[in-house]
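**Q** Input file: coords_8.csv. Contents: CSV, C-alpha atoms and all ligand atoms.
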chain,number,residue,atom,x,y,z
A,297,MET,CA,-17.8,-14.3,-20.7
A,298,THR,CA,-20.0,-11.9,-18.9
A,299,THR,CA,-21.0,-8.5,-20.3
A,300,SER,CA,-21.5,-5.6,-17.9
A,301,THR,CA,-24.3,-3.3,-18.5
A,302,ARG,CA,-23.6,-1.5,-15.2
A,303,GLY,CA,-20.5,0.1,-16.7
A,304,ALA,CA,-22.7,1.9,-19.2
A,305,ALA,CA,-25.3,2.6,-16.5
A,306,LYS,CA,-27.1,6.0,-16.8
A,307,THR,CA,-27.2,6.6,-13.1
A,308,PRO,CA,-25.7,10.0,-12.5
A,309,ALA,CA,-22.8,10.3,-10.1
A,310,VAL,CA,-20.8,13.3,-8.8
A,311,LEU,CA,-17.3,13.5,-7.3
A,312,VAL,CA,-16.7,16.4,-4.9
A,313,LEU,CA,-13.2,17.4,-3.8
A,314,GLU,CA,-12.8,19.2,-0.5
A,315,ASP,CA,-11.5,22.3,-2.2
A,316,GLY,CA,-14.9,22.6,-4.0
A,317,ARG,CA,-13.9,21.2,-7.5
A,318,ILE,CA,-16.6,19.0,-8.8
A,319,PHE,CA,-16.7,16.3,-11.6
A,320,ARG,CA,-19.9,14.8,-12.9
A,321,GLY,CA,-20.1,11.3,-14.4
A,322,ARG,CA,-21.9,8.0,-14.1
A,323,ALA,CA,-22.1,5.4,-11.3
A,324,TYR,CA,-19.6,2.6,-11.5
A,325,GLY,CA,-19.7,-0.4,-9.1
A,326,ALA,CA,-22.1,0.2,-6.2
A,327,VAL,CA,-24.6,3.1,-6.1
A,328,GLY,CA,-24.5,5.2,-3.0
A,329,GLU,CA,-21.9,7.4,-1.3
A,330,THR,CA,-18.4,7.2,0.0
A,331,PHE,CA,-15.6,9.3,1.4
A,332,GLY,CA,-11.8,9.1,1.5
A,333,GLU,CA,-8.6,10.6,0.5
A,334,ALA,CA,-8.3,11.2,-3.3
A,335,VAL,CA,-5.1,9.7,-4.6
A,336,PHE,CA,-4.0,8.7,-8.1
A,337,SER,CA,-2.3,5.5,-9.3
A,338,THR,CA,-0.4,5.4,-12.5
A,339,GLY,CA,-0.3,1.6,-12.9
A,340,MET,CA,-1.6,0.5,-16.3
A,341,THR,CA,-2.1,-3.1,-15.1
A,342,GLY,CA,-2.7,-4.8,-11.8
A,343,TYR,CA,-6.0,-3.0,-10.8
A,344,GLN,CA,-7.1,-6.1,-8.9
A,345,GLU,CA,-4.0,-6.1,-6.7
A,346,THR,CA,-4.4,-2.4,-6.1
A,347,LEU,CA,-8.0,-2.7,-5.1
A,348,THR,CA,-7.3,-5.5,-2.6
A,349,ASP,CA,-4.1,-3.9,-1.1
A,350,PRO,CA,-5.0,-3.1,2.5
A,351,SER,CA,-2.7,0.0,2.4
A,352,TYR,CA,-5.5,1.7,0.3
A,353,HIS,CA,-8.0,1.5,3.2
A,354,ARG,CA,-9.9,4.9,3.3
A,355,GLN,CA,-8.5,6.0,0.0
A,356,VAL,CA,-10.4,6.8,-3.2
A,357,VAL,CA,-8.2,5.7,-6.0
A,358,VAL,CA,-8.2,7.5,-9.3
A,359,MET,CA,-6.8,5.5,-12.2
A,360,THR,CA,-4.7,7.5,-14.7
A,361,ALA,CA,-4.9,4.6,-17.2
A,362,PRO,CA,-8.0,5.6,-19.2
A,363,HIS,CA,-9.4,2.2,-19.9
A,364,VAL,CA,-9.9,0.0,-16.8
A,365,GLY,CA,-11.5,-3.5,-16.3
A,366,ASN,CA,-10.3,-5.0,-19.5
A,367,THR,CA,-9.2,-8.3,-17.9
A,368,GLY,CA,-12.2,-8.6,-15.6
A,369,VAL,CA,-11.7,-10.0,-12.1
A,370,ASN,CA,-10.2,-13.4,-11.5
A,371,ASP,CA,-9.9,-15.7,-8.4
A,372,GLU,CA,-6.1,-15.6,-8.2
A,373,ASP,CA,-4.8,-12.0,-8.1
A,374,MET,CA,-6.3,-10.8,-4.8
A,375,GLU,CA,-3.8,-9.4,-2.3
A,376,SER,CA,-6.2,-9.9,0.6
A,377,LYS,CA,-9.8,-11.2,1.2
A,378,ARG,CA,-11.6,-8.1,0.1
A,379,ILE,CA,-11.4,-4.8,-1.7
A,380,TRP,CA,-10.1,-2.1,0.6
A,381,VAL,CA,-10.3,1.1,-1.5
A,382,SER,CA,-13.1,3.3,-0.2
A,383,GLY,CA,-13.9,4.5,-3.8
A,384,TYR,CA,-12.8,4.0,-7.4
A,385,VAL,CA,-12.6,6.5,-10.2
A,386,VAL,CA,-12.2,5.5,-13.8
A,387,ARG,CA,-12.5,7.2,-17.1
A,388,ASP,CA,-13.7,4.5,-19.5
A,389,PRO,CA,-14.7,1.2,-18.0
A,390,ALA,CA,-14.3,-1.9,-20.1
A,391,ARG,CA,-17.8,-3.2,-21.0
A,392,VAL,CA,-16.6,-6.7,-22.1
A,393,PRO,CA,-13.7,-8.2,-20.2
A,394,SER,CA,-11.3,-10.5,-22.1
A,395,SER,CA,-9.1,-12.9,-20.2
A,396,TRP,CA,-9.0,-16.7,-19.9
A,397,ARG,CA,-8.9,-16.2,-16.1
A,398,SER,CA,-11.8,-13.6,-15.9
A,399,ARG,CA,-14.7,-14.8,-13.7
A,400,ARG,CA,-16.6,-11.5,-13.3
A,401,THR,CA,-16.6,-7.9,-14.5
A,402,LEU,CA,-14.9,-5.4,-12.4
A,403,ASP,CA,-18.1,-3.3,-12.3
A,404,ALA,CA,-20.0,-6.3,-10.8
A,405,GLU,CA,-17.3,-7.1,-8.3
A,406,LEU,CA,-17.2,-3.5,-7.0
A,407,ASP,CA,-21.0,-3.6,-6.7
A,408,ALA,CA,-20.9,-7.0,-5.0
A,409,GLN,CA,-18.5,-5.7,-2.4
A,410,GLY,CA,-20.4,-2.4,-1.9
A,411,VAL,CA,-17.6,-0.2,-3.3
A,412,VAL,CA,-18.9,3.1,-4.7
A,413,GLY,CA,-17.2,4.3,-7.9
A,414,ILE,CA,-17.6,6.8,-10.7
A,415,SER,CA,-16.9,6.6,-14.4
A,416,GLY,CA,-16.9,8.8,-17.4
A,417,ILE,CA,-15.0,11.7,-15.8
A,418,ASP,CA,-11.9,13.5,-17.0
A,419,THR,CA,-9.4,11.6,-14.9
A,420,ARG,CA,-6.5,13.4,-16.5
A,421,ALA,CA,-7.9,16.8,-15.3
A,422,LEU,CA,-8.5,15.3,-11.8
A,423,THR,CA,-5.0,13.9,-11.6
A,424,ARG,CA,-3.5,17.2,-12.6
A,425,HIS,CA,-5.6,18.9,-10.0
A,426,LEU,CA,-4.4,16.5,-7.3
A,427,ARG,CA,-0.8,16.9,-8.4
A,428,GLU,CA,-1.0,20.7,-8.2
A,429,ARG,CA,-3.1,21.0,-5.0
A,430,GLY,CA,-2.1,17.7,-3.3
A,431,ALA,CA,-4.0,14.7,-2.1
A,432,MET,CA,-7.2,15.8,-0.4
A,433,ARG,CA,-10.6,14.5,0.9
A,434,VAL,CA,-13.2,13.6,-1.6
A,435,GLY,CA,-16.7,12.2,-1.7
A,436,ILE,CA,-18.5,10.2,-4.5
A,437,PHE,CA,-22.3,10.3,-4.6
A,438,SER,CA,-24.6,8.5,-6.9
A,439,GLY,CA,-28.3,7.7,-7.3
A,440,GLY,CA,-30.3,8.9,-4.3
A,441,ALA,CA,-27.2,10.2,-2.5
A,442,VAL,CA,-26.9,13.1,-5.0
A,443,GLN,CA,-28.0,16.4,-3.4
A,444,ASP,CA,-27.1,20.0,-4.1
A,445,ASP,CA,-23.4,20.7,-4.4
A,446,ALA,CA,-23.0,22.8,-1.3
A,447,ALA,CA,-24.6,20.1,0.9
A,448,LEU,CA,-22.2,17.5,-0.5
A,449,LEU,CA,-19.2,19.7,-0.1
A,450,ALA,CA,-20.0,20.3,3.5
A,451,ARG,CA,-20.1,16.6,4.1
A,452,VAL,CA,-16.8,16.0,2.4
A,453,GLN,CA,-15.2,18.7,4.6
A,454,GLU,CA,-16.5,16.8,7.7
A,455,ALA,CA,-14.9,13.5,6.6
A,456,PRO,CA,-11.7,12.4,8.5
A,457,GLN,CA,-8.3,13.4,7.3
A,458,MET,CA,-5.6,10.8,6.4
A,459,LYS,CA,-3.0,12.7,8.4
A,460,GLY,CA,-3.2,11.4,12.0
A,461,ALA,CA,-5.2,8.3,11.0
A,462,ASN,CA,-4.3,5.1,12.9
A,463,LEU,CA,-5.7,2.3,10.7
A,464,SER,CA,-3.6,-0.9,10.9
A,465,ALA,CA,-5.9,-2.5,13.5
A,466,GLU,CA,-8.8,-2.0,11.1
A,467,VAL,CA,-7.2,-4.1,8.4
A,468,ALA,CA,-4.8,-6.6,10.0
A,469,THR,CA,-5.5,-10.1,11.0
A,470,THR,CA,-6.9,-10.6,14.6
A,471,GLU,CA,-5.6,-14.1,14.9
A,472,PRO,CA,-2.0,-15.3,14.1
A,473,TYR,CA,-1.6,-17.7,11.2
A,474,VAL,CA,1.2,-19.5,9.5
A,475,VAL,CA,2.3,-19.5,5.8
A,476,PRO,CA,4.3,-22.7,5.4
A,477,ALA,CA,7.7,-22.7,3.6
A,478,ILE,CA,7.6,-24.0,0.0
A,479,GLY,CA,10.0,-26.9,-0.1
A,480,GLU,CA,12.6,-27.4,2.6
A,481,LYS,CA,12.0,-25.1,5.6
A,482,LYS,CA,15.2,-23.1,6.4
A,483,PHE,CA,14.0,-20.2,8.5
A,484,THR,CA,11.2,-19.0,10.7
A,485,VAL,CA,10.1,-15.4,10.4
A,486,ALA,CA,7.6,-13.4,12.6
A,487,ALA,CA,5.8,-11.0,10.4
A,488,VAL,CA,3.9,-8.2,12.1
A,489,ASP,CA,0.7,-7.6,10.1
A,490,LEU,CA,0.0,-3.9,9.8
A,491,GLY,CA,-2.0,-4.5,6.5
A,492,ILE,CA,0.1,-7.2,4.8
A,493,LYS,CA,-0.3,-8.0,1.1
A,494,GLY,CA,-0.7,-11.8,0.4
A,495,MET,CA,2.3,-11.8,-2.0
A,496,THR,CA,4.7,-10.8,0.8
A,497,PRO,CA,4.7,-14.0,2.9
A,498,HIS,CA,4.5,-15.9,-0.4
A,499,ARG,CA,7.8,-14.4,-1.6
A,500,MET,CA,9.4,-15.4,1.8
A,501,ALA,CA,7.8,-18.9,1.6
A,502,GLU,CA,9.4,-19.4,-1.9
A,503,ARG,CA,12.8,-18.9,-0.2
A,504,GLY,CA,12.2,-21.6,2.5
A,505,ILE,CA,10.8,-19.3,5.1
A,506,GLU,CA,8.0,-20.4,7.4
A,507,VAL,CA,6.1,-17.1,8.1
A,508,HIS,CA,4.2,-16.6,11.3
A,509,VAL,CA,1.9,-13.7,10.6
A,510,LEU,CA,1.0,-11.9,13.8
A,511,PRO,CA,-1.7,-9.2,14.6
A,512,ALA,CA,-0.7,-5.6,14.6
A,513,THR,CA,-1.2,-5.6,18.4
A,514,ALA,CA,1.6,-8.3,18.8
A,515,THR,CA,4.1,-7.6,21.6
A,516,VAL,CA,7.8,-8.3,21.7
A,517,GLU,CA,7.0,-11.4,23.7
A,518,ASP,CA,4.5,-12.6,21.0
A,519,VAL,CA,7.2,-12.0,18.4
A,520,TYR,CA,9.8,-14.1,20.3
A,521,ALA,CA,7.3,-16.8,21.2
A,522,VAL,CA,7.6,-18.1,17.6
A,523,ASN,CA,11.4,-18.4,18.0
A,524,PRO,CA,12.1,-16.3,14.9
A,525,ASP,CA,15.3,-16.2,12.8
A,526,GLY,CA,14.1,-12.9,11.5
A,527,VAL,CA,11.3,-10.3,12.1
A,528,PHE,CA,9.4,-8.6,9.4
A,529,PHE,CA,7.1,-5.4,9.6
A,530,SER,CA,4.6,-5.1,6.7
A,531,ASN,CA,3.0,-2.4,4.6
A,532,GLY,CA,-0.2,-0.8,5.9
A,533,PRO,CA,-2.6,2.1,5.8
A,534,GLY,CA,-2.6,5.3,7.8
A,535,ASP,CA,-0.2,7.8,9.2
A,536,PRO,CA,3.1,6.3,10.5
A,537,ALA,CA,3.2,9.1,13.1
A,538,THR,CA,0.4,7.2,14.9
A,539,ALA,CA,2.2,3.8,14.9
A,540,ASP,CA,3.6,4.1,18.4
A,541,HIS,CA,3.0,0.4,19.3
A,542,PRO,CA,4.8,-1.1,16.3
A,543,VAL,CA,7.7,1.4,16.8
A,544,SER,CA,8.2,0.2,20.4
A,545,VAL,CA,8.0,-3.5,19.3
A,546,MET,CA,10.6,-2.8,16.6
A,547,ARG,CA,12.9,-1.1,19.1
A,548,GLY,CA,12.7,-4.3,21.2
A,549,VAL,CA,13.7,-6.4,18.1
A,550,LEU,CA,16.6,-4.0,17.3
A,551,GLU,CA,17.9,-4.2,20.9
A,552,ARG,CA,18.1,-7.9,20.6
A,553,GLY,CA,19.8,-7.7,17.2
A,554,THR,CA,17.5,-10.2,15.4
A,555,PRO,CA,17.6,-9.8,11.5
A,556,LEU,CA,14.9,-7.3,10.6
A,557,PHE,CA,13.2,-6.3,7.3
A,558,GLY,CA,10.4,-3.8,6.7
A,559,ILE,CA,8.4,-2.9,3.7
A,560,CYS,CA,6.6,0.5,3.2
A,561,PHE,CA,4.8,1.2,6.5
A,562,GLY,CA,7.6,-1.1,8.0
A,563,ASN,CA,10.2,1.3,6.5
A,564,GLN,CA,8.5,4.3,8.1
A,565,ILE,CA,8.4,2.4,11.4
A,566,LEU,CA,12.1,1.7,11.2
A,567,GLY,CA,12.7,5.4,10.4
A,568,ARG,CA,10.8,6.3,13.6
A,569,ALA,CA,12.5,3.6,15.7
A,570,LEU,CA,15.8,5.1,14.7
A,571,GLY,CA,14.7,8.6,15.7
A,572,PHE,CA,13.9,10.1,12.3
A,573,GLY,CA,10.6,11.9,11.6
A,574,THR,CA,8.0,11.1,9.0
A,575,PHE,CA,6.0,13.5,6.9
A,576,LYS,CA,3.1,13.6,4.4
A,577,LEU,CA,4.0,13.9,0.7
A,578,LYS,CA,2.1,16.3,-1.4
A,579,TYR,CA,0.4,13.6,-3.5
A,580,GLY,CA,2.5,10.5,-2.9
A,581,HIS,CA,3.8,7.7,-5.1
A,582,ARG,CA,1.4,5.1,-6.5
A,583,GLY,CA,2.1,3.0,-9.5
A,584,ILE,CA,4.4,0.4,-10.9
A,585,ASN,CA,7.1,2.2,-12.8
A,586,GLN,CA,9.0,4.4,-10.2
A,587,PRO,CA,12.8,4.6,-10.6
A,588,VAL,CA,14.7,3.8,-7.4
A,589,GLN,CA,18.5,3.7,-7.0
A,590,ASP,CA,20.0,1.2,-4.6
A,591,ARG,CA,22.9,3.3,-3.4
A,592,THR,CA,24.7,0.2,-2.0
A,593,THR,CA,25.2,-1.1,-5.5
A,594,GLY,CA,24.5,2.0,-7.7
A,595,LYS,CA,21.9,0.0,-9.6
A,596,VAL,CA,18.6,1.6,-10.7
A,597,GLU,CA,15.4,-0.5,-10.5
A,598,VAL,CA,11.9,0.0,-11.7
A,599,THR,CA,9.6,-0.5,-8.8
A,600,ALA,CA,6.0,-0.7,-7.5
A,601,HIS,CA,5.0,2.1,-5.0
A,602,ASN,CA,2.0,3.0,-2.8
A,603,HIS,CA,2.9,5.5,-0.2
A,604,GLY,CA,1.6,8.9,0.8
A,605,PHE,CA,4.1,9.5,3.7
A,606,ALA,CA,7.9,9.3,3.8
A,607,VAL,CA,10.8,9.2,6.2
A,608,ASP,CA,12.8,12.4,6.8
A,609,ALA,CA,16.4,11.2,7.0
A,610,PRO,CA,19.6,12.9,5.7
A,611,LEU,CA,20.4,11.6,2.2
A,612,ASP,CA,24.2,12.1,2.1
A,613,GLN,CA,25.5,11.3,5.6
A,614,VAL,CA,25.7,8.4,7.9
A,615,SER,CA,23.4,9.1,11.0
A,616,GLU,CA,24.2,8.1,14.6
A,617,THR,CA,21.1,6.4,16.1
A,618,PRO,CA,20.3,4.6,19.3
A,619,PHE,CA,21.0,1.4,17.4
A,620,GLY,CA,24.3,2.4,15.8
A,621,ARG,CA,25.0,3.9,12.4
A,622,ALA,CA,22.3,4.1,9.8
A,623,GLU,CA,22.1,5.4,6.2
A,624,VAL,CA,19.7,5.9,3.4
A,625,SER,CA,20.1,2.9,1.2
A,626,HIS,CA,17.6,3.7,-1.6
A,627,VAL,CA,16.3,6.9,-3.1
A,628,CYS,CA,13.6,7.7,-5.6
A,629,LEU,CA,15.1,9.3,-8.7
A,630,ASN,CA,12.0,11.3,-9.5
A,631,ASP,CA,12.0,13.4,-6.4
A,632,ASN,CA,14.8,12.2,-4.0
A,633,VAL,CA,12.4,10.8,-1.5
A,634,VAL,CA,13.9,8.3,0.9
A,635,GLU,CA,13.1,4.8,-0.4
A,636,GLY,CA,15.2,2.6,1.9
A,637,LEU,CA,17.1,2.5,5.2
A,638,GLN,CA,19.9,0.3,6.5
A,639,LEU,CA,21.7,-0.1,9.7
A,640,LEU,CA,25.5,-0.5,9.5
A,641,ASP,CA,26.0,-2.1,12.9
A,642,ARG,CA,23.0,-4.4,13.1
A,643,PRO,CA,21.2,-6.7,10.7
A,644,ALA,CA,18.3,-4.5,9.8
A,645,PHE,CA,17.0,-2.8,6.7
A,646,SER,CA,13.8,-1.7,5.0
A,647,VAL,CA,12.4,-0.2,1.8
A,648,GLN,CA,9.5,2.2,1.2
A,649,TYR,CA,8.4,0.5,-2.0
A,650,HIS,CA,7.1,-3.0,-2.9
A,651,PRO,CA,9.6,-5.7,-3.7
A,652,GLU,CA,6.8,-8.3,-3.5
A,653,ALA,CA,5.7,-6.7,-6.8
A,654,ALA,CA,2.0,-7.5,-6.9
A,655,ALA,CA,1.5,-5.9,-9.2
A,656,GLY,CA,4.7,-4.6,-10.7
A,657,PRO,CA,8.2,-5.4,-12.0
A,658,HIS,CA,10.3,-7.9,-10.2
A,659,ASP,CA,13.5,-5.9,-10.2
A,660,ALA,CA,13.5,-5.6,-6.4
A,661,ALA,CA,13.1,-9.3,-5.6
A,662,TYR,CA,16.7,-9.4,-4.5
A,663,LEU,CA,15.7,-7.7,-1.2
A,664,PHE,CA,14.1,-10.9,0.0
A,665,ASP,CA,17.4,-12.6,-0.7
A,666,ARG,CA,19.2,-9.9,1.3
A,667,PHE,CA,16.9,-10.7,4.2
A,668,VAL,CA,17.8,-14.4,3.8
A,669,SER,CA,21.5,-13.5,3.8
A,670,LEU,CA,21.1,-11.6,7.1
A,671,MET,CA,19.5,-14.6,8.7
A,672,GLU,CA,22.2,-16.9,7.3
A,673,GLY,CA,24.9,-14.5,8.6
A,674,GLN,CA,23.3,-14.6,12.1
A,675,ARG,CA,23.5,-18.4,12.1
A,676,ALA,CA,27.1,-18.7,10.8
A,701,LIG,N1,1.8,0.8,1.4
A,701,LIG,C1,2.1,1.3,2.6
A,701,LIG,O1,2.6,0.6,3.5
A,701,LIG,C2,1.8,2.7,2.9
A,701,LIG,C3,2.3,3.3,4.1
A,701,LIG,C4,1.6,4.6,4.6
A,701,LIG,N2,0.3,4.3,4.9
A,701,LIG,C5,1.8,5.6,3.5
A,701,LIG,O2,0.8,6.0,2.9
A,701,LIG,O3,2.8,6.1,3.3
Give the structure from the file, written as structure tokens.

**A**
Amino acid sequence: MTTSTRGAAKTPAVLVLEDGRIFRGRAYGAVGETFGEAVFSTGMTGYQETLTDPSYHRQVVVMTAPHVGNTGVNDEDMESKRIWVSGYVVRDPARVPSSWRSRRTLDAELDAQGVVGISGIDTRALTRHLRERGAMRVGIFSGGAVQDDAALLARVQEAPQMKGANLSAEVATTEPYVVPAIGEKKFTVAAVDLGIKGMTPHRMAERGIEVHVLPATATVEDVYAVNPDGVFFSNGPGDPATADHPVSVMRGVLERGTPLFGICFGNQILGRALGFGTFKLKYGHRGINQPVQDRTTGKVEVTAHNHGFAVDAPLDQVSETPFGRAEVSHVCLNDNVVEGLQLLDRPAFSVQYHPEAAAGPHDAAYLFDRFVSLMEGQRA
């Protein structure tokens, strides 16, 4: 067991929001400065999966759970090769992690990966502020980076916005790779990596799918070069309004009628491919206990979310699209945000949330089975 002394470090740190609100605390993780979009996550477990989810690229994540780091950092729960959040905000860091899998403290891991954080601030007040005013740019400064407040605020206001950000290429693989099927191979899927989480191909592999993960820049020809039974579009960071290339590749897949499944960014891309708009939510959905109704069965599931944008599609009518009829298949019961789309005349569907559930409840695992059924149906 390792004991962190960094979590109790006396190095002063300051968090500056773009609207001028300031919180003062202590350095957590690396000492220095960082910028990003301030968002909050309500997950009470699964911080390691959150930190390593590429969809959090350029975001400073505020944890609403007051005590973070209790189970340390292990070598199994990473969703990608590195931490992607640009900053991390916690109220009360665990000083002594306790888990049979723990290898390091969270504080030491953040430091080793150069991720600047802040601890000891009122995360409840910060979350309420973001909920009232909306997600906004933020900077965290510690050690020698602390200057007078006005100078720091000016720098935060110069940082890039999340709206209009095109980020998939910054996080996705540059080389294709294959995740082999577990057990007997039944299907081949081409998965376009826009910031994919490791658990997603694993959930497919568990169902006998060999997954060919392709770079975000993959063309329709690259997709069909692997001779896929189905095509998948992943989660990913940034504004879906900028994702013109994946939208055009998806249209090519829809034209051919290959079974198609999308998660999160993939849902927003399906929305755009069908002709719907996307928009930025005031503060987004991030956590592991969001209620979603599957309108095709009426069942309510508890689900993992991480999205700041959403699809603008009519909830209570079937829409005519260039690829036939489409409808909203899933909706968030907290705020009626579109959480899923399905085509009625072609084998294609997507969800805005995270059925791979890393972290989160497994209620939505059936969606991977639905994808398998579409591929079976195409073969029959
Ligand atoms: N997890 C995701 O794929 C997020 C999609 C998109 N970047 C959003 O914030 O809405």

**Q** Which of these, A:Tyr579, A:Tyr384, A:Phe561, A:Tyr473, has the shortest distance to A:Leu426 once you count all atoms listed in the file?

**A**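 That would be A:Tyr579, the residue with the smallest distance to A:Leu426.
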
**Q** Please report, as a Markdown table, each residue of chain A lying at most 6 Å from ligand LIG 701 (chain A), together with the nearest pair of atoms and the separation in Å rounded to one decimal; use all atoms listed in the file, and order rows by chain and ascending residue number.

**A**
| residue | atom | partner | partner_atom | distance |
| --- | --- | --- | --- | --- |
| A:Ser351 | CA | A:LIG701 | N1 | 4.7 |
| A:Asn531 | CA | A:LIG701 | O1 | 3.2 |
| A:Gly532 | CA | A:LIG701 | O1 | 3.9 |
| A:Pro533 | CA | A:LIG701 | N2 | 3.7 |
| A:Gly534 | CA | A:LIG701 | N2 | 4.2 |
| A:Asp535 | CA | A:LIG701 | N2 | 5.6 |
| A:Cys560 | CA | A:LIG701 | O1 | 4.0 |
| A:Phe561 | CA | A:LIG701 | O1 | 3.8 |
| A:Asn602 | CA | A:LIG701 | N1 | 4.7 |
| A:His603 | CA | A:LIG701 | O3 | 3.6 |
| A:Gly604 | CA | A:LIG701 | O2 | 3.7 |
| A:Phe605 | CA | A:LIG701 | O3 | 3.7 |

**Q** Which neighbours of A:Met500 fall inside 10 Å, counting all atoms listed in the file, when residues of the same chain fewer than 4 positions from it are skipped, and could you give them as a PDB file with C-alpha atoms, keeping the file's coordinate frame?

**A**
ATOM      1  CA  VAL A 475       2.300 -19.500   5.800  1.00  0.00           C
ATOM      2  CA  PRO A 476       4.300 -22.700   5.400  1.00  0.00           C
ATOM      3  CA  ALA A 477       7.700 -22.700   3.600  1.00  0.00           C
ATOM      4  CA  ILE A 478       7.600 -24.000   0.000  1.00  0.00           C
ATOM      5  CA  PHE A 483      14.000 -20.200   8.500  1.00  0.00           C
ATOM      6  CA  THR A 484      11.200 -19.000  10.700  1.00  0.00           C
ATOM      7  CA  VAL A 485      10.100 -15.400  10.400  1.00  0.00           C
ATOM      8  CA  MET A 495       2.300 -11.800  -2.000  1.00  0.00           C
ATOM      9  CA  THR A 496       4.700 -10.800   0.800  1.00  0.00           C
ATOM     10  CA  GLY A 504      12.200 -21.600   2.500  1.00  0.00           C
ATOM     11  CA  ILE A 505      10.800 -19.300   5.100  1.00  0.00           C
ATOM     12  CA  GLU A 506       8.000 -20.400   7.400  1.00  0.00           C
ATOM     13  CA  VAL A 507       6.100 -17.100   8.100  1.00  0.00           C
ATOM     14  CA  GLU A 652       6.800  -8.300  -3.500  1.00  0.00           C
ATOM     15  CA  PHE A 664      14.100 -10.900   0.000  1.00  0.00           C
ATOM     16  CA  ASP A 665      17.400 -12.600  -0.700  1.00  0.00           C
ATOM     17  CA  PHE A 667      16.900 -10.700   4.200  1.00  0.00           C
ATOM     18  CA  VAL A 668      17.800 -14.400   3.800  1.00  0.00           C
TER      19      VAL A 668
END

**Q** Grab the atom CA of A:Asp373 to atom CA of A:Gly526 distance for me, in Å with one decimal place.

**A**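 Answer for the atom CA of A:Asp373 to atom CA of A:Gly526 separation: 27.2 Å.
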
**Q** Neighbouring residues of stretch 311-322 of chain A were defined as those with any atom within 10 Å, considering all atoms listed in the file; residues of the same chain fewer than 6 positions away were excluded. Please report them as a VMD selection string.

**A** chain A and resid 302 to 305 329 to 334 385 to 387 413 to 419 421 to 422 425 to 426 429 431 to 439 442 445 to 446 448 to 455

**Q** I need stretch 513-555 of chain A written out with C-alpha atoms, as an mmCIF file, in the first residue's frame; please produce it.

**A**
data_model
loop_
_atom_site.group_PDB
_atom_site.id
_atom_site.type_symbol
_atom_site.label_atom_id
_atom_site.label_comp_id
_atom_site.auth_asym_id
_atom_site.auth_seq_id
_atom_site.Cartn_x
_atom_site.Cartn_y
_atom_site.Cartn_z
ATOM 1 C CA THR A 513 -9.819 9.396 -41.211
ATOM 2 C CA ALA A 514 -10.990 6.019 -42.651
ATOM 3 C CA THR A 515 -12.854 6.268 -45.962
ATOM 4 C CA VAL A 516 -15.830 4.215 -47.180
ATOM 5 C CA GLU A 517 -13.294 2.139 -49.157
ATOM 6 C CA ASP A 518 -11.245 1.485 -45.990
ATOM 7 C CA VAL A 519 -14.411 0.368 -44.187
ATOM 8 C CA TYR A 520 -15.393 -2.082 -46.942
ATOM 9 C CA ALA A 521 -11.808 -3.325 -47.362
ATOM 10 C CA VAL A 522 -12.287 -5.396 -44.184
ATOM 11 C CA ASN A 523 -15.402 -7.015 -45.682
ATOM 12 C CA PRO A 524 -17.574 -6.131 -42.677
ATOM 13 C CA ASP A 525 -20.870 -7.714 -41.621
ATOM 14 C CA GLY A 526 -21.534 -4.521 -39.664
ATOM 15 C CA VAL A 527 -20.098 -1.042 -39.199
ATOM 16 C CA PHE A 528 -19.718 0.759 -35.868
ATOM 17 C CA PHE A 529 -19.108 4.473 -35.118
ATOM 18 C CA SER A 530 -17.630 5.182 -31.680
ATOM 19 C CA ASN A 531 -17.888 7.790 -28.962
ATOM 20 C CA GLY A 532 -15.484 10.713 -29.094
ATOM 21 C CA PRO A 533 -14.672 14.272 -27.993
ATOM 22 C CA GLY A 534 -15.621 17.556 -29.589
ATOM 23 C CA ASP A 535 -18.564 19.141 -31.370
ATOM 24 C CA PRO A 536 -20.484 16.787 -33.704
ATOM 25 C CA ALA A 537 -21.221 19.762 -35.979
ATOM 26 C CA THR A 538 -17.568 19.545 -37.087
ATOM 27 C CA ALA A 539 -17.637 15.803 -37.896
ATOM 28 C CA ASP A 540 -18.256 16.201 -41.643
ATOM 29 C CA HIS A 541 -15.926 13.385 -42.675
ATOM 30 C CA PRO A 542 -17.498 10.634 -40.494
ATOM 31 C CA VAL A 543 -20.960 11.875 -41.494
ATOM 32 C CA SER A 544 -20.126 11.357 -45.172
ATOM 33 C CA VAL A 545 -18.609 7.916 -44.484
ATOM 34 C CA MET A 546 -21.724 6.950 -42.541
ATOM 35 C CA ARG A 547 -23.926 8.049 -45.433
ATOM 36 C CA GLY A 548 -21.918 5.714 -47.671
ATOM 37 C CA VAL A 549 -22.606 2.845 -45.243
ATOM 38 C CA LEU A 550 -26.334 3.683 -45.027
ATOM 39 C CA GLU A 551 -26.581 3.743 -48.832
ATOM 40 C CA ARG A 552 -25.228 0.209 -48.973
ATOM 41 C CA GLY A 553 -27.565 -0.981 -46.218
ATOM 42 C CA THR A 554 -24.858 -2.624 -44.062
ATOM 43 C CA PRO A 555 -25.972 -3.099 -40.411
#
